[in-house]
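Visitor: Following this message is one structure expressed as structure tokens.
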Amino acid sequence: MKRLILLMLLFMIAISACHKDLGHYDIDMPEVPVVSNLDSVYTAKVGDSLVIKPAVTLKSQADIELQWRISVIEGTDILYTGASLRIIFGLQAKRYPAQLTVYNKTNGMKYFHKFFIDGGTEFSKGTAVLSEENGISQFSFIKPDGTVQARLYKAIHRKDLPAHPMNLMLLRNRNTGGTLLGYWIITKNGGVRLDANTMIEDPKYPNQLADNFFVAPDHLEVGALKPHFQGVLMGVINGTLYGGTTNTWDQAPTYGMFAPAEGNYVLDPSFVMTMADAGTTFIGFERNRKQFLRFNVYSGPTYFDTQYGVAPSPAFDPTNVGMDLLHIEQLNNTDCYAYCKAPDGKIYELHFTVKFTGPFEFNALAKRVFSRPDLITEATKWQGAKNGVIYIAAGSKVYRYNPLNEDVKELLTDFGGKPVSMIKLSEDEESLMVGTEGTIYYLDITTGKNGSLLKKQEGIPGTPIDITIRTN
């Protein structure tokens, strides 16, 4: 019993001692080095020197070592040691995560500072231009300072592009944050793919349009192609709707290769492509039966013929238009305008909407004689804007057409009597780019400006056909 009491007494003393041990302690924490002159992102061009020289401040005397790590691919790092990072940048043009480690060798502590290196080339920003010079297709590049690298494709490849240029598109896979998939130069009977950073034909992919088919057609005549948000081309070739496949990794050689929408039809080159949450939908026009057709993209492009609902309307029958299509222009995700030539030679404007989601329904809203048939020829250029107006280039002039009230206004800028070979809206639709022989004009089309001149770029070889602007 005495032993038990003694043990209990000792236990209580120990607990009391622990409870009372709450005094203040002086803990000697190591000093944290202060790093300055280190940015979060650095831009480096291939072949140029990359120098990063941070300042490290530490009051106490210590042996400090700076260690640098650049992550190239998963599981592979490039390591450097030194007071500054000084390298000739030779990596590919993309973003690399990097890290500076400040190593205090005196006490063994390490401090980590993360940043990024954006690899680029001289082509990472600027404007690519497709033009036609004396019957020869030309690909050029305008640097941000306005310097024109003319006839770039010919200079790099020592050969000419296919003849009859049509379109120039820089493809990005928006589903993966904008992964660059290169330029496509589209011509009437072919096309060429270029690496966006080197401007060379990338050997990893089919770089000729004729090789971009799972089953190649006997001949190749491009009607019209448009870029899809997943970085592939879709459109009309040989009167058939083709869609680039997205059913694989976007770096695979087969990504973007064409498969047809099988069916008995012959499409006009002009079509509507809408990319909504429910998927991608097309409205095409059958040239022989003179009717609007429906297509959807599921695992691939699928032909639905005239399998769509038709809202009751006295305006026109979309399954029996009875006229030849000249052009379709979609202004937003709802309003579409088709310009058709009747057997008597009159040109009509058809206004319609299509319910692309849910039960597919065609709504014919209006049919009327077009007020300015003199503006429509084979050389007419069109650009429909989301604000509901259509820009029309005819001859040496550009017009702003409002289909709601049929108002037609000539834009203010004079192009010196030269035929307009190109019009294209900027991404924000606040400016319109207009091409004439040797020159690209940039016009202000914001409210009240009516196409006043912002600037012009000269030195373009031949007449501009299409341009695309790269900002990153």
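FYI, nothing fancy with the structure tokens labels: chains A, B, ... in order, residues from 1 per chain, ligands from 1 as they appear.
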Please give the complete set of residues from region 60-186 of chain A that DSSP, run on the backbone, assigns to strand (DSSP E or B), formatted as number ranges by chain.
Guide: A: 64-73, 76-81, 85-88, 95-104, 109-120, 126-133, 136-142, 148-149, 165-173, 179-186
Visitor: I'd like the contact shell of region 213-218 of chain A - 6 Å cut-off, only C-alpha atoms, skipping same-chain residues fewer than 2 positions apart - returned as a PyMOL selection string.
Guide: chain A and resi 211+257-258
Visitor: Give me a file of those residues, with C-alpha atoms, as a PDB file, in the first residue's frame.
Guide:
```
ATOM      1  CA  ASP A 211      -1.996  12.926 -97.780  1.00  0.00           C
ATOM      2  CA  MET A 257      -7.022  13.369 -91.043  1.00  0.00           C
ATOM      3  CA  PHE A 258     -10.155  13.645 -93.176  1.00  0.00           C
TER       4      PHE A 258
END
```
Visitor: Neighbours of Leu180 (chain A) within 8 Å (only C-alpha atoms; same-chain residues fewer than 4 positions away dropped), as a PDB file with all heavy atoms, in the first residue's frame?
Guide:
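New file around_7.pdb:
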```pdb
ATOM      1  N   LEU A 170      -4.118  29.239 -88.861  1.00  0.00           N
ATOM      2  CA  LEU A 170      -3.270  28.776 -87.762  1.00  0.00           C
ATOM      3  C   LEU A 170      -4.159  27.983 -86.825  1.00  0.00           C
ATOM      4  O   LEU A 170      -5.065  28.532 -86.189  1.00  0.00           O
ATOM      5  CB  LEU A 170      -2.633  29.953 -87.035  1.00  0.00           C
ATOM      6  CG  LEU A 170      -1.751  29.602 -85.828  1.00  0.00           C
ATOM      7  CD1 LEU A 170      -0.588  28.707 -86.237  1.00  0.00           C
ATOM      8  CD2 LEU A 170      -1.245  30.869 -85.150  1.00  0.00           C
ATOM      9  N   LEU A 171      -3.929  26.673 -86.727  1.00  0.00           N
ATOM     10  CA  LEU A 171      -4.814  25.796 -85.970  1.00  0.00           C
ATOM     11  C   LEU A 171      -4.323  25.635 -84.533  1.00  0.00           C
ATOM     12  O   LEU A 171      -3.128  25.462 -84.280  1.00  0.00           O
ATOM     13  CB  LEU A 171      -4.902  24.431 -86.639  1.00  0.00           C
ATOM     14  CG  LEU A 171      -5.468  24.412 -88.066  1.00  0.00           C
ATOM     15  CD1 LEU A 171      -5.626  22.980 -88.548  1.00  0.00           C
ATOM     16  CD2 LEU A 171      -6.794  25.145 -88.144  1.00  0.00           C
ATOM     17  N   ARG A 172      -5.275  25.699 -83.591  1.00  0.00           N
ATOM     18  CA  ARG A 172      -5.016  25.463 -82.172  1.00  0.00           C
ATOM     19  C   ARG A 172      -6.097  24.538 -81.634  1.00  0.00           C
ATOM     20  O   ARG A 172      -7.264  24.652 -82.016  1.00  0.00           O
ATOM     21  CB  ARG A 172      -5.049  26.767 -81.366  1.00  0.00           C
ATOM     22  CG  ARG A 172      -3.936  27.754 -81.683  1.00  0.00           C
ATOM     23  CD  ARG A 172      -4.123  29.020 -80.868  1.00  0.00           C
ATOM     24  NE  ARG A 172      -3.117  30.031 -81.140  1.00  0.00           N
ATOM     25  CZ  ARG A 172      -1.978  30.165 -80.480  1.00  0.00           C
ATOM     26  NH1 ARG A 172      -1.693  29.319 -79.493  1.00  0.00           N
ATOM     27  NH2 ARG A 172      -1.116  31.121 -80.785  1.00  0.00           N
ATOM     28  N   ASN A 173      -5.713  23.658 -80.740  1.00  0.00           N
ATOM     29  CA  ASN A 173      -6.684  22.805 -80.064  1.00  0.00           C
ATOM     30  C   ASN A 173      -7.154  23.528 -78.810  1.00  0.00           C
ATOM     31  O   ASN A 173      -6.467  23.559 -77.792  1.00  0.00           O
ATOM     32  CB  ASN A 173      -6.060  21.454 -79.703  1.00  0.00           C
ATOM     33  CG  ASN A 173      -7.088  20.471 -79.154  1.00  0.00           C
ATOM     34  OD1 ASN A 173      -8.226  20.838 -78.864  1.00  0.00           O
ATOM     35  ND2 ASN A 173      -6.683  19.218 -79.002  1.00  0.00           N
ATOM     36  N   ALA A 196       4.391  25.899 -86.852  1.00  0.00           N
ATOM     37  CA  ALA A 196       4.142  27.307 -86.540  1.00  0.00           C
ATOM     38  C   ALA A 196       5.382  28.029 -86.027  1.00  0.00           C
ATOM     39  O   ALA A 196       5.436  29.264 -86.073  1.00  0.00           O
ATOM     40  CB  ALA A 196       3.028  27.413 -85.504  1.00  0.00           C
ATOM     41  N   GLY A 231      -8.753  22.240 -83.456  1.00  0.00           N
ATOM     42  CA  GLY A 231      -7.513  22.321 -84.204  1.00  0.00           C
ATOM     43  C   GLY A 231      -7.451  21.455 -85.440  1.00  0.00           C
ATOM     44  O   GLY A 231      -6.360  21.037 -85.849  1.00  0.00           O
TER      45      GLY A 231
END
```
Visitor: Find the residues near Tyr337 (chain A): any atom within 9 Å, counting only C-alpha atoms, skip ones fewer than 5 places away on the same chain, and give them as a PyMOL selection string.
Guide: chain A and resi 327-331+349-353+403
Visitor: Output N, CA and C atoms of each residue in that selection to a file, as a PDB file, in the first residue's frame.
Guide:
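Ended up saving to again.pdb:
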```pdb
ATOM      1  N   HIS A 327     -24.020  32.391-102.008  1.00  0.00           N
ATOM      2  CA  HIS A 327     -23.228  32.527-100.774  1.00  0.00           C
ATOM      3  C   HIS A 327     -24.136  32.401 -99.556  1.00  0.00           C
ATOM      4  N   ILE A 328     -23.603  31.809 -98.480  1.00  0.00           N
ATOM      5  CA  ILE A 328     -24.272  31.804 -97.169  1.00  0.00           C
ATOM      6  C   ILE A 328     -23.378  32.544 -96.191  1.00  0.00           C
ATOM      7  N   GLU A 329     -23.967  33.390 -95.370  1.00  0.00           N
ATOM      8  CA  GLU A 329     -23.206  34.091 -94.334  1.00  0.00           C
ATOM      9  C   GLU A 329     -23.945  33.951 -93.006  1.00  0.00           C
ATOM     10  N   GLN A 330     -23.237  33.438 -91.993  1.00  0.00           N
ATOM     11  CA  GLN A 330     -23.805  33.339 -90.649  1.00  0.00           C
ATOM     12  C   GLN A 330     -23.260  34.490 -89.811  1.00  0.00           C
ATOM     13  N   LEU A 331     -24.152  35.269 -89.206  1.00  0.00           N
ATOM     14  CA  LEU A 331     -23.721  36.444 -88.458  1.00  0.00           C
ATOM     15  C   LEU A 331     -23.494  36.150 -86.986  1.00  0.00           C
ATOM     16  N   GLU A 349     -32.379  37.383-101.316  1.00  0.00           N
ATOM     17  CA  GLU A 349     -31.780  37.225 -99.993  1.00  0.00           C
ATOM     18  C   GLU A 349     -32.748  36.419 -99.124  1.00  0.00           C
ATOM     19  N   LEU A 350     -32.258  35.275 -98.631  1.00  0.00           N
ATOM     20  CA  LEU A 350     -33.061  34.423 -97.753  1.00  0.00           C
ATOM     21  C   LEU A 350     -32.552  34.579 -96.326  1.00  0.00           C
ATOM     22  N   HIS A 351     -33.450  34.886 -95.422  1.00  0.00           N
ATOM     23  CA  HIS A 351     -33.099  35.022 -94.006  1.00  0.00           C
ATOM     24  C   HIS A 351     -33.682  33.828 -93.266  1.00  0.00           C
ATOM     25  N   PHE A 352     -32.831  33.126 -92.498  1.00  0.00           N
ATOM     26  CA  PHE A 352     -33.333  31.974 -91.751  1.00  0.00           C
ATOM     27  C   PHE A 352     -32.525  31.776 -90.478  1.00  0.00           C
ATOM     28  N   THR A 353     -33.104  31.053 -89.555  1.00  0.00           N
ATOM     29  CA  THR A 353     -32.404  30.602 -88.351  1.00  0.00           C
ATOM     30  C   THR A 353     -32.558  29.099 -88.257  1.00  0.00           C
ATOM     31  N   PRO A 403     -28.576  44.067 -93.046  1.00  0.00           N
ATOM     32  CA  PRO A 403     -29.721  43.382 -93.650  1.00  0.00           C
ATOM     33  C   PRO A 403     -31.048  43.691 -92.968  1.00  0.00           C
TER      34      PRO A 403
END
```
Visitor: Ranking A:Asn238, A:Thr187, A:Thr280, A:Asn212 by minimum distance to Gly256 (chain A) and counting only C-alpha atoms, which one comes first?
Guide: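 Under the stated criterion, the closest residue is A:Asn212.
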Visitor: What's the 9 Å shell around region 139-154 of chain A, counting only C-alpha atoms, without same-chain residues fewer than 6 positions away, as a PyMOL selection string?
Guide: chain A and resi 122-123+125-132+160-161+185+199-200+457-461
Visitor: Could you check the closest approach to Gly182 (chain A) for each of A:Ser313, A:Gln138, A:Ser426, A:Gln251 and tell me which residue wins, using only C-alpha atoms?
Guide: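 Closest to Gly182 (chain A), using only C-alpha atoms: A:Gln251.
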Visitor: When you look at Tyr80 (chain A) with a cut-off of 12 Å (counting only C-alpha atoms), what residues show up, excluding the ones that are within fewer than 2 positions of it in the same chain? I need them as JSON, numbers by chain.
Guide: {"A": [52, 65, 66, 67, 68, 69, 70, 71, 77, 78, 82, 83, 84, 85, 86, 87, 98, 99, 100, 101]}
Visitor: With a distance cut-off of 10 Å and only C-alpha atoms, select the neighbouring residues of region 239-248 of chain A, excluding the residue or stretch itself and same-chain residues fewer than 6 positions from it, and output the selection as a VMD selection string.
Guide: chain A and resid 173 212 to 214 221 to 228 230 to 233 254 to 269 271 282 284 286 to 287 295 297 299 to 303
Visitor: Could those residues be written to a file, using C-alpha atoms, as a PDB file, in the first residue's frame?
Guide:
```
ATOM      1  CA  ASN A 173      -6.684  22.805 -80.064  1.00  0.00           C
ATOM      2  CA  ASN A 212      -4.420  14.026 -95.037  1.00  0.00           C
ATOM      3  CA  PHE A 213      -7.179  11.543 -95.959  1.00  0.00           C
ATOM      4  CA  PHE A 214      -7.843   8.091 -94.525  1.00  0.00           C
ATOM      5  CA  GLU A 221     -10.862  20.251-105.498  1.00  0.00           C
ATOM      6  CA  VAL A 222     -11.317  22.312-102.350  1.00  0.00           C
ATOM      7  CA  GLY A 223     -14.640  24.105-102.085  1.00  0.00           C
ATOM      8  CA  ALA A 224     -14.107  25.703 -98.666  1.00  0.00           C
ATOM      9  CA  LEU A 225     -12.456  24.696 -95.393  1.00  0.00           C
ATOM     10  CA  LYS A 226     -12.850  26.206 -91.934  1.00  0.00           C
ATOM     11  CA  PRO A 227     -10.931  25.720 -88.669  1.00  0.00           C
ATOM     12  CA  HIS A 228     -12.626  23.713 -85.922  1.00  0.00           C
ATOM     13  CA  GLN A 230     -10.196  21.348 -81.710  1.00  0.00           C
ATOM     14  CA  GLY A 231      -7.513  22.321 -84.204  1.00  0.00           C
ATOM     15  CA  VAL A 232      -8.637  20.400 -87.293  1.00  0.00           C
ATOM     16  CA  LEU A 233     -10.094  21.400 -90.661  1.00  0.00           C
ATOM     17  CA  THR A 254      -3.566  10.694 -87.724  1.00  0.00           C
ATOM     18  CA  TYR A 255      -5.048  13.612 -85.774  1.00  0.00           C
ATOM     19  CA  GLY A 256      -6.983  15.840 -88.153  1.00  0.00           C
ATOM     20  CA  MET A 257      -7.022  13.369 -91.043  1.00  0.00           C
ATOM     21  CA  PHE A 258     -10.155  13.645 -93.176  1.00  0.00           C
ATOM     22  CA  ALA A 259     -13.148  11.312 -93.148  1.00  0.00           C
ATOM     23  CA  PRO A 260     -16.239  12.001 -95.305  1.00  0.00           C
ATOM     24  CA  ALA A 261     -19.895  12.250 -94.429  1.00  0.00           C
ATOM     25  CA  GLU A 262     -21.133   9.418 -96.610  1.00  0.00           C
ATOM     26  CA  GLY A 263     -24.250  10.105 -98.665  1.00  0.00           C
ATOM     27  CA  ASN A 264     -25.764  10.873-102.040  1.00  0.00           C
ATOM     28  CA  TYR A 265     -25.316  14.633-102.403  1.00  0.00           C
ATOM     29  CA  VAL A 266     -23.183  17.322-104.074  1.00  0.00           C
ATOM     30  CA  LEU A 267     -22.541  20.328-101.855  1.00  0.00           C
ATOM     31  CA  ASP A 268     -22.060  23.953-102.821  1.00  0.00           C
ATOM     32  CA  PRO A 269     -18.757  25.291-101.423  1.00  0.00           C
ATOM     33  CA  PHE A 271     -21.804  26.356 -95.824  1.00  0.00           C
ATOM     34  CA  PHE A 282     -23.388  22.060 -90.538  1.00  0.00           C
ATOM     35  CA  GLY A 284     -24.991  22.833 -96.500  1.00  0.00           C
ATOM     36  CA  GLU A 286     -27.283  20.562-102.349  1.00  0.00           C
ATOM     37  CA  ARG A 287     -26.451  21.929-105.783  1.00  0.00           C
ATOM     38  CA  PHE A 295     -24.914  17.420 -91.068  1.00  0.00           C
ATOM     39  CA  VAL A 297     -20.361  15.581 -86.137  1.00  0.00           C
ATOM     40  CA  SER A 299     -17.596  10.226 -83.968  1.00  0.00           C
ATOM     41  CA  GLY A 300     -17.219  11.744 -87.438  1.00  0.00           C
ATOM     42  CA  PRO A 301     -19.247  13.871 -89.877  1.00  0.00           C
ATOM     43  CA  THR A 302     -22.709  12.387 -90.436  1.00  0.00           C
ATOM     44  CA  TYR A 303     -25.147  13.154 -93.267  1.00  0.00           C
TER      45      TYR A 303
END
```
Visitor: Between CA of Thr179 (chain A) and CA of Lys94 (chain A), what distance in Å does the model show, to one decimal?
Guide: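 Distance reported for this atom pair: 9.6 Å.
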Visitor: To one decimal in Å, tell me the separation between CA of Ile469 (chain A) and CA of Ala210 (chain A).
Guide: 25.9 Å
Visitor: Got a sec to tell me which of region 87-252 of chain A DSSP assigns to alpha helix (DSSP H), as number ranges by chain?
Guide: A: 152-157
Visitor: Would you mind telling me which residue in A:Pro359, A:Asn387, A:Ser270, A:Ile64 lies nearest to Tyr339 (chain A) when using only C-alpha atoms?
Guide: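 Residue with the minimum atom-to-atom distance to Tyr339 (chain A): A:Ser270.
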Visitor: Measure the distance from CA of Val236 (chain A) to CA of Met273 (chain A) in Å and round it to one decimal.
Guide: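 Separation between CA of Val236 (chain A) and CA of Met273 (chain A): 11.2 Å.
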Visitor: Rank nothing, just name the residue among A:Lys424, A:Thr436, A:Ile283, A:Thr471 nearest to Lys456 (chain A), using only C-alpha atoms.
Guide: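 Of A:Lys424, A:Thr436, A:Ile283, A:Thr471, the one nearest Lys456 (chain A), counting only C-alpha atoms, is A:Thr436.
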Visitor: For a quick check of understanding, using only C-alpha atoms, which of A:Glu361, A:Glu31, A:Glu410, A:Asp466 has the smallest distance to Met166 (chain A)?
Guide: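 Looking only at the distances to Met166 (chain A), the closest residue turns out to be A:Asp466.
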